Structure formats: C-alpha cells, structure tokens
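Text of upload.txt (compact mmCIF, N, CA and C atoms and all ligand atoms) as supplied:
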```txt
# COMPACT_ATOMS: atom_id res chain seq x y z
N MET N 1 107.88 124.30 74.45
CA MET N 1 107.11 124.08 73.22
C MET N 1 105.62 124.23 73.52
N GLU N 2 104.96 124.95 72.66
CA GLU N 2 103.53 125.13 72.84
C GLU N 2 102.78 124.16 71.93
N LEU N 3 101.96 123.35 72.54
CA LEU N 3 101.19 122.38 71.77
C LEU N 3 99.80 122.93 71.48
N ASP N 4 99.31 122.58 70.33
CA ASP N 4 97.92 122.93 70.01
C ASP N 4 97.03 122.19 71.01
N PRO N 5 96.29 122.91 71.83
CA PRO N 5 95.47 122.25 72.86
C PRO N 5 94.38 121.35 72.27
N ASN N 6 94.07 121.54 71.01
CA ASN N 6 93.04 120.71 70.38
C ASN N 6 93.60 119.42 69.78
N LYS N 7 94.91 119.30 69.83
CA LYS N 7 95.54 118.13 69.22
C LYS N 7 95.45 116.96 70.19
N GLU N 8 94.79 115.89 69.76
CA GLU N 8 94.57 114.74 70.65
C GLU N 8 95.75 113.76 70.62
N TYR N 9 96.38 113.65 69.46
CA TYR N 9 97.48 112.69 69.33
C TYR N 9 98.78 113.42 69.02
N LEU N 10 99.84 112.98 69.65
CA LEU N 10 101.12 113.68 69.54
C LEU N 10 102.20 112.77 68.98
N SER N 11 103.13 113.39 68.28
CA SER N 11 104.30 112.64 67.81
C SER N 11 105.24 112.45 69.00
N VAL N 12 106.19 111.57 68.86
CA VAL N 12 107.14 111.36 69.96
C VAL N 12 107.95 112.63 70.23
N GLY N 13 108.23 113.39 69.16
CA GLY N 13 108.96 114.65 69.33
C GLY N 13 108.16 115.66 70.14
N GLU N 14 106.87 115.73 69.86
CA GLU N 14 106.01 116.66 70.61
C GLU N 14 105.90 116.21 72.08
N LEU N 15 105.77 114.92 72.26
CA LEU N 15 105.68 114.38 73.62
C LEU N 15 106.97 114.70 74.39
N SER N 16 108.09 114.54 73.71
CA SER N 16 109.39 114.81 74.32
C SER N 16 109.53 116.29 74.65
N ALA N 17 109.19 117.13 73.69
CA ALA N 17 109.35 118.57 73.88
C ALA N 17 108.49 119.09 75.04
N ARG N 18 107.27 118.62 75.11
CA ARG N 18 106.37 119.12 76.15
C ARG N 18 106.69 118.55 77.53
N SER N 19 107.15 117.31 77.56
CA SER N 19 107.41 116.64 78.85
C SER N 19 108.81 116.90 79.39
N GLY N 20 109.75 117.16 78.48
CA GLY N 20 111.14 117.30 78.92
C GLY N 20 111.83 115.95 79.06
N VAL N 21 111.19 114.92 78.56
CA VAL N 21 111.76 113.56 78.61
C VAL N 21 112.29 113.25 77.21
N SER N 22 113.49 112.69 77.13
CA SER N 22 114.10 112.44 75.83
C SER N 22 113.30 111.41 75.02
N VAL N 23 113.46 111.50 73.71
CA VAL N 23 112.78 110.56 72.81
C VAL N 23 113.20 109.12 73.15
N SER N 24 114.50 108.93 73.40
CA SER N 24 114.97 107.57 73.69
C SER N 24 114.35 107.05 75.00
N ALA N 25 114.21 107.93 75.98
CA ALA N 25 113.59 107.50 77.25
C ALA N 25 112.12 107.14 77.01
N ILE N 26 111.45 107.93 76.18
CA ILE N 26 110.04 107.64 75.89
C ILE N 26 109.91 106.27 75.23
N HIS N 27 110.80 105.99 74.27
CA HIS N 27 110.76 104.67 73.63
C HIS N 27 111.06 103.56 74.64
N PHE N 28 111.98 103.85 75.55
CA PHE N 28 112.31 102.87 76.58
C PHE N 28 111.09 102.59 77.47
N TYR N 29 110.44 103.65 77.91
CA TYR N 29 109.25 103.47 78.77
C TYR N 29 108.15 102.72 78.01
N GLU N 30 108.04 103.03 76.74
CA GLU N 30 107.04 102.34 75.94
C GLU N 30 107.37 100.85 75.83
N SER N 31 108.67 100.56 75.65
CA SER N 31 109.08 99.15 75.54
C SER N 31 108.82 98.38 76.84
N LYS N 32 108.78 99.12 77.95
CA LYS N 32 108.51 98.50 79.25
C LYS N 32 107.01 98.44 79.55
N GLY N 33 106.21 98.91 78.61
CA GLY N 33 104.75 98.85 78.79
C GLY N 33 104.19 99.96 79.65
N LEU N 34 104.97 101.01 79.88
CA LEU N 34 104.49 102.11 80.72
C LEU N 34 103.75 103.17 79.91
N LEU N 35 104.05 103.24 78.63
CA LEU N 35 103.37 104.19 77.74
C LEU N 35 102.82 103.41 76.55
N ARG N 36 101.81 104.00 75.92
CA ARG N 36 101.22 103.32 74.76
C ARG N 36 101.13 104.26 73.57
N SER N 37 101.29 103.69 72.41
CA SER N 37 101.14 104.48 71.19
C SER N 37 100.43 103.62 70.15
N HIS N 38 100.10 104.24 69.07
CA HIS N 38 99.55 103.49 67.93
C HIS N 38 100.19 104.08 66.67
N ARG N 39 100.01 103.39 65.57
CA ARG N 39 100.55 103.88 64.30
C ARG N 39 99.43 104.57 63.52
N ASN N 40 99.75 105.72 62.94
CA ASN N 40 98.74 106.38 62.10
C ASN N 40 98.81 105.81 60.67
N LYS N 41 98.03 106.39 59.80
CA LYS N 41 97.97 105.87 58.42
C LYS N 41 99.34 105.92 57.73
N GLY N 42 100.15 106.89 58.11
CA GLY N 42 101.49 107.01 57.53
C GLY N 42 102.52 106.15 58.25
N ASN N 43 102.04 105.26 59.10
CA ASN N 43 102.88 104.35 59.91
C ASN N 43 103.78 105.09 60.89
N GLN N 44 103.34 106.28 61.28
CA GLN N 44 104.11 107.02 62.29
C GLN N 44 103.49 106.78 63.66
N ARG N 45 104.37 106.72 64.64
CA ARG N 45 103.92 106.47 66.00
C ARG N 45 103.22 107.72 66.55
N ARG N 46 102.07 107.49 67.14
CA ARG N 46 101.34 108.61 67.75
C ARG N 46 100.91 108.23 69.17
N PHE N 47 101.02 109.19 70.05
CA PHE N 47 100.65 108.99 71.45
C PHE N 47 99.44 109.84 71.78
N HIS N 48 98.50 109.22 72.49
CA HIS N 48 97.37 110.03 72.96
C HIS N 48 97.91 111.05 73.94
N ARG N 49 97.29 112.19 73.96
CA ARG N 49 97.74 113.29 74.82
C ARG N 49 97.81 112.88 76.31
N ARG N 50 96.95 111.95 76.70
CA ARG N 50 96.97 111.52 78.12
C ARG N 50 98.30 110.89 78.52
N GLU N 51 99.08 110.42 77.52
CA GLU N 51 100.38 109.81 77.85
C GLU N 51 101.30 110.84 78.49
N LEU N 52 101.01 112.13 78.26
CA LEU N 52 101.80 113.19 78.92
C LEU N 52 101.64 113.10 80.44
N ARG N 53 100.44 112.79 80.85
CA ARG N 53 100.19 112.67 82.29
C ARG N 53 100.94 111.46 82.86
N LEU N 54 100.87 110.35 82.14
CA LEU N 54 101.59 109.15 82.59
C LEU N 54 103.09 109.40 82.60
N LEU N 55 103.56 110.09 81.57
CA LEU N 55 104.98 110.42 81.50
C LEU N 55 105.39 111.32 82.66
N SER N 56 104.52 112.21 83.04
CA SER N 56 104.80 113.09 84.19
C SER N 56 104.90 112.27 85.47
N TYR N 57 104.02 111.30 85.62
CA TYR N 57 104.09 110.41 86.79
C TYR N 57 105.44 109.69 86.80
N ILE N 58 105.84 109.21 85.64
CA ILE N 58 107.11 108.48 85.55
C ILE N 58 108.27 109.41 85.89
N LYS N 59 108.26 110.61 85.29
CA LYS N 59 109.37 111.55 85.49
C LYS N 59 109.51 111.95 86.96
N VAL N 60 108.41 112.33 87.57
CA VAL N 60 108.48 112.74 88.97
C VAL N 60 108.78 111.53 89.85
N GLY N 61 108.18 110.40 89.51
CA GLY N 61 108.42 109.18 90.28
C GLY N 61 109.89 108.79 90.27
N GLN N 62 110.51 108.87 89.10
CA GLN N 62 111.93 108.54 89.00
C GLN N 62 112.77 109.51 89.81
N THR N 63 112.40 110.78 89.78
CA THR N 63 113.11 111.79 90.58
C THR N 63 113.03 111.46 92.07
N LEU N 64 111.90 110.90 92.47
CA LEU N 64 111.70 110.56 93.88
C LEU N 64 112.27 109.18 94.23
N GLY N 65 112.86 108.52 93.25
CA GLY N 65 113.47 107.22 93.52
C GLY N 65 112.48 106.07 93.48
N ILE N 66 111.36 106.28 92.84
CA ILE N 66 110.38 105.20 92.69
C ILE N 66 110.81 104.35 91.50
N SER N 67 110.88 103.06 91.72
CA SER N 67 111.40 102.18 90.66
C SER N 67 110.38 102.02 89.53
N LEU N 68 110.89 101.62 88.38
CA LEU N 68 109.99 101.39 87.24
C LEU N 68 109.03 100.24 87.54
N ALA N 69 109.49 99.28 88.33
CA ALA N 69 108.62 98.15 88.69
C ALA N 69 107.44 98.65 89.54
N GLU N 70 107.72 99.57 90.46
CA GLU N 70 106.65 100.13 91.29
C GLU N 70 105.68 100.95 90.43
N ILE N 71 106.27 101.71 89.49
CA ILE N 71 105.44 102.53 88.60
C ILE N 71 104.56 101.64 87.73
N LYS N 72 105.16 100.58 87.22
CA LYS N 72 104.39 99.65 86.37
C LYS N 72 103.26 99.01 87.17
N ASP N 73 103.57 98.67 88.40
CA ASP N 73 102.54 98.07 89.26
C ASP N 73 101.39 99.06 89.47
N ALA N 74 101.74 100.32 89.72
CA ALA N 74 100.69 101.34 89.92
C ALA N 74 99.89 101.53 88.64
N PHE N 75 100.57 101.48 87.50
CA PHE N 75 99.90 101.68 86.21
C PHE N 75 99.03 100.48 85.81
N SER N 76 99.16 99.37 86.53
CA SER N 76 98.41 98.18 86.13
C SER N 76 96.89 98.41 86.19
N VAL N 77 96.45 99.40 86.95
CA VAL N 77 95.00 99.68 87.03
C VAL N 77 94.46 100.24 85.71
N ILE N 78 95.36 100.73 84.86
CA ILE N 78 94.88 101.27 83.57
C ILE N 78 95.37 100.44 82.38
N GLU N 79 96.05 99.34 82.72
CA GLU N 79 96.59 98.49 81.66
C GLU N 79 95.46 97.96 80.76
N ASN N 80 95.73 97.92 79.49
CA ASN N 80 94.77 97.42 78.49
C ASN N 80 93.47 98.20 78.41
N LYS N 81 93.44 99.38 78.98
CA LYS N 81 92.22 100.20 78.87
C LYS N 81 92.38 101.14 77.69
N LYS N 82 91.45 101.05 76.78
CA LYS N 82 91.53 101.91 75.60
C LYS N 82 91.27 103.36 76.01
N GLU N 83 90.31 103.49 76.88
CA GLU N 83 89.96 104.83 77.36
C GLU N 83 90.23 104.87 78.86
N ILE N 84 90.86 105.94 79.32
CA ILE N 84 91.11 106.07 80.76
C ILE N 84 90.08 107.05 81.30
N LYS N 85 89.21 106.53 82.16
CA LYS N 85 88.14 107.35 82.71
C LYS N 85 88.60 108.04 83.99
N VAL N 86 87.81 108.98 84.45
CA VAL N 86 88.13 109.70 85.69
C VAL N 86 88.30 108.71 86.83
N SER N 87 87.44 107.69 86.86
CA SER N 87 87.52 106.69 87.93
C SER N 87 88.85 105.93 87.86
N ASP N 88 89.37 105.72 86.64
CA ASP N 88 90.67 105.04 86.49
C ASP N 88 91.80 105.93 87.02
N TRP N 89 91.73 107.23 86.69
CA TRP N 89 92.76 108.14 87.21
C TRP N 89 92.73 108.17 88.73
N LYS N 90 91.52 108.07 89.27
CA LYS N 90 91.41 108.06 90.74
C LYS N 90 92.04 106.81 91.33
N LYS N 91 91.79 105.68 90.68
CA LYS N 91 92.41 104.41 91.14
C LYS N 91 93.92 104.51 91.07
N LEU N 92 94.41 105.06 89.97
CA LEU N 92 95.85 105.23 89.81
C LEU N 92 96.39 106.18 90.89
N GLY N 93 95.63 107.23 91.14
CA GLY N 93 96.03 108.19 92.18
C GLY N 93 96.16 107.52 93.54
N LYS N 94 95.24 106.62 93.85
CA LYS N 94 95.27 105.91 95.14
C LYS N 94 96.52 105.04 95.24
N ARG N 95 96.82 104.35 94.14
CA ARG N 95 98.03 103.50 94.12
C ARG N 95 99.26 104.37 94.32
N TRP N 96 99.26 105.49 93.62
CA TRP N 96 100.41 106.40 93.66
C TRP N 96 100.57 106.96 95.08
N GLU N 97 99.46 107.29 95.67
CA GLU N 97 99.47 107.84 97.03
C GLU N 97 100.10 106.84 98.01
N LYS N 98 99.75 105.56 97.82
CA LYS N 98 100.31 104.52 98.70
C LYS N 98 101.83 104.46 98.56
N ILE N 99 102.31 104.50 97.33
CA ILE N 99 103.76 104.45 97.09
C ILE N 99 104.43 105.67 97.74
N LEU N 100 103.83 106.84 97.54
CA LEU N 100 104.42 108.07 98.08
C LEU N 100 104.43 108.06 99.60
N THR N 101 103.37 107.52 100.19
CA THR N 101 103.30 107.46 101.65
C THR N 101 104.41 106.55 102.18
N GLU N 102 104.64 105.42 101.50
CA GLU N 102 105.71 104.51 101.93
C GLU N 102 107.07 105.21 101.83
N LYS N 103 107.29 105.94 100.74
CA LYS N 103 108.56 106.69 100.58
C LYS N 103 108.68 107.76 101.66
N GLN N 104 107.59 108.45 101.88
CA GLN N 104 107.58 109.52 102.86
C GLN N 104 107.90 108.98 104.26
N ASN N 105 107.31 107.84 104.60
CA ASN N 105 107.58 107.23 105.90
C ASN N 105 109.04 106.86 106.05
N LEU N 106 109.62 106.33 104.98
CA LEU N 106 111.03 105.94 105.03
C LEU N 106 111.93 107.18 105.16
N ILE N 107 111.57 108.22 104.44
CA ILE N 107 112.34 109.47 104.52
C ILE N 107 112.27 110.03 105.94
N GLU N 108 111.08 110.04 106.51
CA GLU N 108 110.90 110.55 107.88
C GLU N 108 111.71 109.71 108.87
N LYS N 109 111.68 108.41 108.67
CA LYS N 109 112.41 107.51 109.55
C LYS N 109 113.91 107.79 109.44
N MET N 110 114.38 107.92 108.21
CA MET N 110 115.81 108.19 107.99
C MET N 110 116.19 109.53 108.62
N LYS N 111 115.33 110.54 108.42
CA LYS N 111 115.63 111.86 108.99
C LYS N 111 115.74 111.79 110.51
N SER N 112 114.85 111.01 111.11
CA SER N 112 114.85 110.93 112.57
C SER N 112 116.03 110.12 113.10
N GLN N 113 116.64 109.30 112.22
CA GLN N 113 117.73 108.44 112.66
C GLN N 113 119.12 108.95 112.26
N LEU N 114 119.16 110.10 111.59
CA LEU N 114 120.45 110.65 111.18
C LEU N 114 121.29 110.88 112.44
N GLY N 115 122.48 110.37 112.44
CA GLY N 115 123.33 110.55 113.62
C GLY N 115 123.23 109.40 114.61
N PHE N 116 122.28 108.50 114.38
CA PHE N 116 122.15 107.34 115.27
C PHE N 116 122.46 106.05 114.49
N CYS N 117 122.65 104.99 115.24
CA CYS N 117 122.87 103.70 114.61
C CYS N 117 121.64 103.31 113.81
N ILE N 118 121.86 102.87 112.57
CA ILE N 118 120.74 102.44 111.72
C ILE N 118 120.75 100.93 111.49
N GLY N 119 121.67 100.25 112.15
CA GLY N 119 121.69 98.79 112.04
C GLY N 119 122.23 98.29 110.72
N CYS N 120 123.19 99.02 110.15
CA CYS N 120 123.68 98.65 108.81
C CYS N 120 124.88 97.70 108.84
N GLY N 121 125.46 97.50 110.02
CA GLY N 121 126.61 96.59 110.12
C GLY N 121 127.94 97.30 110.18
N CYS N 122 127.96 98.61 110.11
CA CYS N 122 129.25 99.34 110.11
C CYS N 122 129.87 99.40 111.50
N LEU N 123 129.04 99.40 112.54
CA LEU N 123 129.49 99.48 113.94
C LEU N 123 130.41 100.67 114.18
N SER N 124 130.15 101.77 113.52
CA SER N 124 131.05 102.92 113.59
C SER N 124 130.57 104.05 114.50
N LEU N 125 129.37 103.97 115.04
CA LEU N 125 128.89 105.04 115.89
C LEU N 125 128.90 104.60 117.35
N LYS N 126 128.87 105.61 118.22
CA LYS N 126 128.92 105.32 119.66
C LYS N 126 127.78 104.43 120.12
N ASP N 127 126.61 104.64 119.55
CA ASP N 127 125.47 103.85 120.03
C ASP N 127 125.29 102.51 119.31
N CYS N 128 126.19 102.19 118.39
CA CYS N 128 126.08 100.88 117.72
C CYS N 128 126.15 99.71 118.71
N PRO N 129 127.08 99.75 119.68
CA PRO N 129 127.13 98.62 120.62
C PRO N 129 125.82 98.45 121.41
N LEU N 130 125.08 99.55 121.57
CA LEU N 130 123.82 99.46 122.30
C LEU N 130 122.67 98.99 121.39
N ARG N 131 122.61 99.57 120.23
CA ARG N 131 121.48 99.28 119.34
C ARG N 131 121.72 98.03 118.48
N ASN N 132 122.96 97.80 118.14
CA ASN N 132 123.26 96.66 117.27
C ASN N 132 124.55 95.97 117.74
N PRO N 133 124.53 95.44 118.97
CA PRO N 133 125.77 94.84 119.50
C PRO N 133 126.26 93.68 118.63
N ASP N 134 127.55 93.75 118.31
CA ASP N 134 128.18 92.72 117.47
C ASP N 134 127.42 92.48 116.16
N ASP N 135 126.75 93.49 115.72
CA ASP N 135 125.96 93.40 114.47
C ASP N 135 125.03 92.18 114.46
N PHE N 136 124.31 92.00 115.55
CA PHE N 136 123.35 90.88 115.59
C PHE N 136 122.27 91.05 114.52
N MET N 137 122.04 92.31 114.12
CA MET N 137 120.99 92.58 113.12
C MET N 137 121.34 92.02 111.75
N GLY N 138 122.64 91.81 111.52
CA GLY N 138 123.07 91.21 110.25
C GLY N 138 122.51 89.82 110.06
N LYS N 139 122.19 89.16 111.19
CA LYS N 139 121.61 87.80 111.10
C LYS N 139 120.14 87.87 110.66
N GLU N 140 119.54 89.05 110.86
CA GLU N 140 118.12 89.22 110.53
C GLU N 140 117.88 89.53 109.05
N GLY N 141 118.95 90.00 108.40
CA GLY N 141 118.79 90.34 106.98
C GLY N 141 119.78 91.40 106.54
N GLN N 142 119.66 91.77 105.28
CA GLN N 142 120.60 92.73 104.71
C GLN N 142 120.16 94.17 104.96
N GLY N 143 121.10 95.09 104.74
CA GLY N 143 120.78 96.51 104.76
C GLY N 143 120.62 97.10 106.14
N PRO N 144 120.20 98.36 106.21
CA PRO N 144 120.04 99.05 107.50
C PRO N 144 118.77 98.55 108.21
N ARG N 145 118.94 97.58 109.06
CA ARG N 145 117.79 96.88 109.67
C ARG N 145 116.85 97.82 110.44
N ILE N 146 117.44 98.81 111.12
CA ILE N 146 116.57 99.68 111.92
C ILE N 146 115.67 100.52 111.01
N LEU N 147 116.18 100.92 109.88
CA LEU N 147 115.36 101.71 108.96
C LEU N 147 114.34 100.86 108.21
N LEU N 148 114.72 99.63 107.95
CA LEU N 148 113.85 98.78 107.11
C LEU N 148 112.84 97.97 107.89
N GLU N 149 112.96 97.96 109.22
CA GLU N 149 112.02 97.11 109.97
C GLU N 149 110.64 97.73 110.02
S1 LIG D 1 125.34 102.72 112.24
FE1 LIG D 1 125.97 100.97 111.16
S2 LIG D 1 125.75 99.37 112.60
FE2 LIG D 1 125.31 101.13 113.73
```

Taking this structure as input, can you express it in the form of structure tokens?
Amino acid sequence: MELDPNKEYLSVGELSARSGVSVSAIHFYESKGLLRSHRNKGNQRRFHRRELRLLSYIKVGQTLGISLAEIKDAFSVIENKKEIKVSDWKKLGKRWEKILTEKQNLIEKMKSQLGFCIGCGCLSLKDCPLRNPDDFMGKEGQGPRILLE
C-alpha cells in the first residue's frame, strides 16, 4: 500500500497495510500501551505516522524473540511524550541496542555450545558427567545453567 507521504495521521487500516501487522495485533499493542492513538472529530481512531516506526520495532523485536515486556521497558523513554524528538529516538535506540546485544550474546553462547553439555539437566551427552555431574547445576536454578550463567 502506498501512503500519501504528506499524511501525518493514519487510520488503523492504513497502519496495518503499510506495516504488515494485523489490525487486531495493532489494537492489542495499543491496549498494552506500546502504541498510541487519538480520536478525530468523527470519533475515529488515528495514529501519528511515527507509530509505524514503533510498530516496526515491535514487529522485528517479536521476530527476534524479544518479549513485549522488554519492548515496553525500552519504549518507556518515550512514554507520555506528546512529541518524540530526535534525542528521544536516540535514547530508545540505545535501549534497543542493549536488548539486541544481550540477545546476540546469548545466541553466540548457544552457537558455541551446540553439541556440548549446556547444564539443562538431561545428562544425555558424553560430557555431561564432566560439566554437570549428577546434575549439580539443577541445585543452582532452572534451565540450561551453562548458557544462562
Ligand atoms: S546437556 Fe543437558 S545436562 Fe548436559
């Protein structure tokens, strides 16, 4: 869908068409405080065009396995701001970068540990008795302890 580049406010249908995110998902994100809209004179919901950028962050973030709670936390730097300035986008970018770096580190760690014991409690690999004898790591907490430490 081609949007009029001069159009500042978009209907939910336009937002959906341009972003590739369903109308119901947009309403869901809005109900979670991740997107904002206002009502026009005809009582129709309108979204500022910048919500497309936020929606893109959400869409890509979800694809990368970033939780809505993490996204909401990152978005808190622009919460209650009527106008989002360049400096606000930069702050949001920094938060986003931190989340991505944490994900990236975990992915790298997982990649490097493929084929080795990850401390998950399965005791099914040859090196489990060496790295996690008798699943002692289970006493330290849940999940794959070697990956999460
Ligand atoms: S891989 Fe699961 S405990 Fe070693």

Distance filter 5 Å around ligand LIG 1 (chain D), atoms: all atoms listed in the file, out as a list in words: Phe116, Cys117, Ile118, Gly119, Cys120, Gly121, Cys122, Leu123, Ser124 and Cys128 of chain N

Filtered DSSP result for chain N, state strand (DSSP E or B), as a PyMOL selection string: chain N and resi 9-10+38-39+45-48

Atom CA of Asp88 of chain N to atom CA of Ala69 of chain N, distance in Å rounded to a single decimal: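 Rounded to one decimal, the two atoms are 19.4 Å apart.
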
Sel. of helix (DSSP H, G or I) residues, chain N, as a PyMOL selection string: chain N and resi 12-19+23-31+51-63+68-78+86-113+128-131+133-139+145-148

Which segment 51-96 of chain N residues have any atom within 8 Å of an atom of segment 101-106 of chain N, and for each, what is the nearest pair of atoms with distance in Å to one decimal, counting all atoms listed in the file, rows sorted by chain and number, as a Markdown table?
```
| residue | atom | partner | partner_atom | distance |
| --- | --- | --- | --- | --- |
| N:Leu64 | C | N:Lys103 | CA | 7.8 |
| N:Arg95 | C | N:Thr101 | N | 7.8 |
| N:Trp96 | C | N:Thr101 | N | 5.9 |
```

Interatomic distance, atom C of Ser37 of chain N to atom C of Leu15 of chain N (Å, one decimal):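 Interatomic distance here is 13.5 Å.
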
Pairwise distance for atom CA of Glu79 of chain N and atom N of Gly33 of chain N, rounded to one decimal in Å: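 Atom N of Gly33 of chain N lies 10.1 Å from atom CA of Glu79 of chain N.
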
Spatial neighbours of segment 80-86 of chain N, max dist 12 Å, only C-alpha atoms, sep filter under 2 positions, as a list in words: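 So the residues in contact are Gly33, Leu34, Leu35, Arg36, Ser37, His38, His48, Arg49, Arg50, Glu51, Arg53, Leu54, Phe75, Ser76, Val77, Ile78, Asp88, Trp89, Lys90, Lys91, Leu92 and Gly93 of chain N.
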
Residue nearest Glu108 of chain N - candidates N:Tyr9, N:Leu147, N:Lys139, N:Gly20, atoms counted: only C-alpha atoms: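 That would be N:Leu147, the residue with the smallest distance to Glu108 of chain N.
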
Closest of N:Gln44, N:Val12, N:Gly61, N:Arg131 to Ile26 of chain N - atom-to-atom distances counting only N, CA and C atoms: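 Among the listed residues, N:Val12 lies closest to Ile26 of chain N.
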
Proximity to Ile107 of chain N - best of N:Ser19, N:Glu30, N:Asn43, N:Leu148, only C-alpha atoms: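 The answer is N:Leu148, which sits nearest to Ile107 of chain N.
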
Give the centre and edge lengths of an axis-aligned box, in Å to one decimal, that holds all listed atoms of segment 50-69 of chain N with 6 Å on each side, as JSON.
```
{"center_x": 105.2, "center_y": 105.7, "center_z": 85.5, "size_x": 28.5, "size_y": 27.0, "size_z": 29.5}
```

Among listed residues N:Phe136, N:Tyr57, N:Phe47, N:Phe28, nearest Ser11 of chain N (using only N, CA and C atoms): N:Phe47

Selected residue of minimal separation from Lys109 of chain N among N:Ala25, N:Ala74, N:Ile66, N:Ile146, counting only C-alpha atoms: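 Once distances to Lys109 of chain N are computed over only C-alpha atoms, the minimum belongs to N:Ile146.
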
Best match for closeness to Lys7 of chain N among N:Ile99, N:Arg46, N:Ser31, N:Asp73, counting only C-alpha atoms: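 Ranked by minimum distance to Lys7 of chain N, first place goes to N:Arg46.
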